[in-house]
Amino acid sequence: MTLSCTGIGIGTSRGIAIGQAHLLQRGRRLELMPRYIDREEVPDEVDRFRQAVSEARRQLRSAQKKIPASTPSDIVAFIDTHLLMLNDAALVEVPINRIREQSCSAEWALQIQRNELAQVFDAMEDPYLRTRKDDVDHVVNRIQQRLLQLDENEQEELEGKIIVAQDLTPADAILMRHRGITAFITEYGGPMSHTAILARSLGIPAVVGVRHATHCLRHGEQLIVDGEQGVVLAAVDDDTLSYYRSRIEAARLQTAELRRLIGQPAATRDGRTIRLMANIELPEDIESTRSLGADGVGLYRTEYLYMNRSTPPDEEEHYRAYLEVVQGLDGIPVTIRTLDLGVDKQIDGAYARDEQVCNPALGLRAIRLCLKEPRLFLPQLRAILRVAAAGPVRIMIPMLSTLQEVYQLKELIEQTKASLARDGLPFDPMIQIGGMIEVPAAALSADAFARELDFLSIGTNDLIQYTLAIDRIDDEVNYLYDPLHPSVLRLIQMVIDAGRRQKIPVSMCGEMAGDPHYIPLLLGMGLTELSMQPGALLEAKRTLRGLNADGLIRQVGELMPSIDDPESTDRLSWLIRTSLEPAP
Ligand code: PEP
Ligand code: MG
């Protein structure tokens, strides 16, 4: 068998897909140069521009028609906004006048207008209005792609296709999943980027960080994507194809086998019960969470509500979205995480990141932003408190770093309760408030946080990023991303121990919790609650049902004090490997 290895990247979402490549030009940054034309070419150039605008309109209208009914309303709304902008004189008539008056090419006339509008938006005080610049860029980009004829592929059927792109936003990933894609490959991004996490929850294989993929792969050619190994193959021979087809079949059989665990207890061989919870994000996750028998939702990410729109959601919109989840889960407890905006989780309308921010991961994100922008936060808080009257709901705060934030937050929650009482709206006055431990400072002070909060959840995706000072979405430093780094393990252990001392539950909701390789270690460290994307629940259950918790607790307990010694690291790897070996 000859393997024709086309690209190696970082496998971020397991599974294998075989399908046709669909090269995505959208999102590619265009580097335009000034170009001027002869006077007699002006009328044709104006026609060319008008035609590109009509084609852009036609594309958006057809996208609008193809959006499935289940698509979140915010994603639909951004297409409406862009259609309106394509009728705006500022983006249509002004560039035409410039072509006529200055004899510039259509692309360049539009580019000058884009730059002038960008300056106007940048100067605006209001952060909501400032974000309209992104919409202008999206629309300008769409027209320019047409002018340069870069997007012939846009209208094609996507069913069964493998997307190849420089990068994908979470919104692109959702939209294209609805259009039936089977996998995606990007040139940039790391396994912990939000788009990669989303790929896992959408259940499609993905490989990120495949350098030059959009140049090396051809539109329409057959590809194989191995999301586990991070391998992309093109121009494969029949033997290779049948090898991968057999792996797809084996995976299908394995899934059927795993499904037999639904309804079986999530307990270790020595009888310790582990709470297996789901990380959810989109309404479509409700069904899998329920049908796979999750014990709860340990993390409900709410950022999608804010994505691709020009104004933040109001209280009713929050309330309706949460109610759909709570009612859909029918008594399964739900942990709603408040807005965790930042870095790879940009939102278009609710808050525009200042271009000057060099280290957004260390900037005004998550709870920091929420405390600073009550307009964003209060409608969400009110809605969470209200929905908690309709079912078992807890509230969870991301990225805490100081106790001051907890005090401020509690004060805000009390004020919100008072305002709901004044308005005569039902709410849960006893709602449990938990915090995510994702910043080393919070892990080091975990006892203090545990005294103030009802529960803690360890967000390893960020905790690892901040402990090791590596950008979780930067593929260049990805090789340093190590959940088993002794410093990371010490911090995790501190949080678990603090929870035990202060008698509050501690769970883990970072990606580490859903990886079967780490489950023996986590159990050995004393964790009894794990939250993961729904697709990982059954494999986690199978893993822990083969483990002996008491033995692991003893062995890990002996290793932890000297975890820095190379010998301990070796013993840890050995422990993990042997625990995972099937029992004789
Ligand atoms: C984490 O940081 O581990 C986490 C679960 O949050 P997110 O991935 O949404 O930042
Ligand atoms: Mg996080």
# chains A, B, ... in the order shown; residues from 1 in each chain; ligands from 1
call {"tool": "residues_near_ligand", "arguments": {"ligand": "ligand 2", "cutoff": "6 Å", "atoms": "only C-alpha atoms and all ligand atoms", "output": "NGL selection string"}}
result
:A and (459 or 461-462)
call {"tool": "residues_near_ligand", "arguments": {"ligand": "ligand 1", "cutoff": "7 Å", "atoms": "only C-alpha atoms and all ligand atoms", "output": "list in words"}}
result
Met192, His194, Arg301, Asp340, Glu438, Ile458, Gly459, Thr460, Asn461, Asp462, Leu463, Cys509, Gly510 and Glu511 of chain A
call {"tool": "closest_residue", "arguments": {"among": "A:His22, A:Arg337, A:Arg386, A:Arg272", "to": "Leu217 in chain A", "atoms": "only C-alpha atoms"}}
result
A:His22
call {"tool": "residues_around", "arguments": {"residues": "Arg98 in chain A", "least_positions_apart": "6", "cutoff": "9 Å", "atoms": "only C-alpha atoms", "output": "ChimeraX atom specification"}}
result
/A:104,106,109-110,113
call {"tool": "residues_around", "arguments": {"residues": "range 246-255 of chain A", "least_positions_apart": "6", "cutoff": "10 Å", "atoms": "only C-alpha atoms", "output": "PDB file with C-alpha atoms, in the first residue's frame"}}
result
ATOM      1  CA  GLY A  15     -12.882  10.316  13.122  1.00  0.00           C
ATOM      2  CA  ILE A  16     -12.104   9.710   9.497  1.00  0.00           C
ATOM      3  CA  ALA A  17     -13.772  11.330   6.522  1.00  0.00           C
ATOM      4  CA  ILE A  18     -13.463  10.603   2.827  1.00  0.00           C
ATOM      5  CA  THR A 240      -5.284   3.217   0.853  1.00  0.00           C
ATOM      6  CA  GLY A 535     -19.663  12.507  21.837  1.00  0.00           C
ATOM      7  CA  LEU A 538     -19.641   6.792  26.317  1.00  0.00           C
ATOM      8  CA  GLU A 539     -15.950   6.222  25.746  1.00  0.00           C
TER       9      GLU A 539
END
call {"tool": "atom_distance", "arguments": {"atom1": "CA of Arg50 in chain A", "atom2": "CA of Val94 in chain A"}}
result
12.0 Å
call {"tool": "closest_residue", "arguments": {"among": "A:Arg58, A:Arg365, A:Lys503, A:Lys161", "to": "Arg146 in chain A", "atoms": "only C-alpha atoms"}}
result
A:Arg58
call {"tool": "select_by_dssp", "arguments": {"residues": "range 163-211 of chain A", "states": "helix (DSSP H, G or I)", "output": "list in words"}}
result
Pro170, Ala171, Asp172, Ala173, Ile174, Leu175, Met176, Arg177, His178, His194, Thr195, Ala196, Ile197, Leu198, Ala199, Arg200, Ser201 and Leu202 of chain A
call {"tool": "atom_distance", "arguments": {"atom1": "CA of Asp237 in chain A", "atom2": "CA of Gly19 in chain A"}}
result
14.2 Å
call {"tool": "atom_distance", "arguments": {"atom1": "CA of Leu521 in chain A", "atom2": "CA of Leu547 in chain A"}}
result
10.5 Å
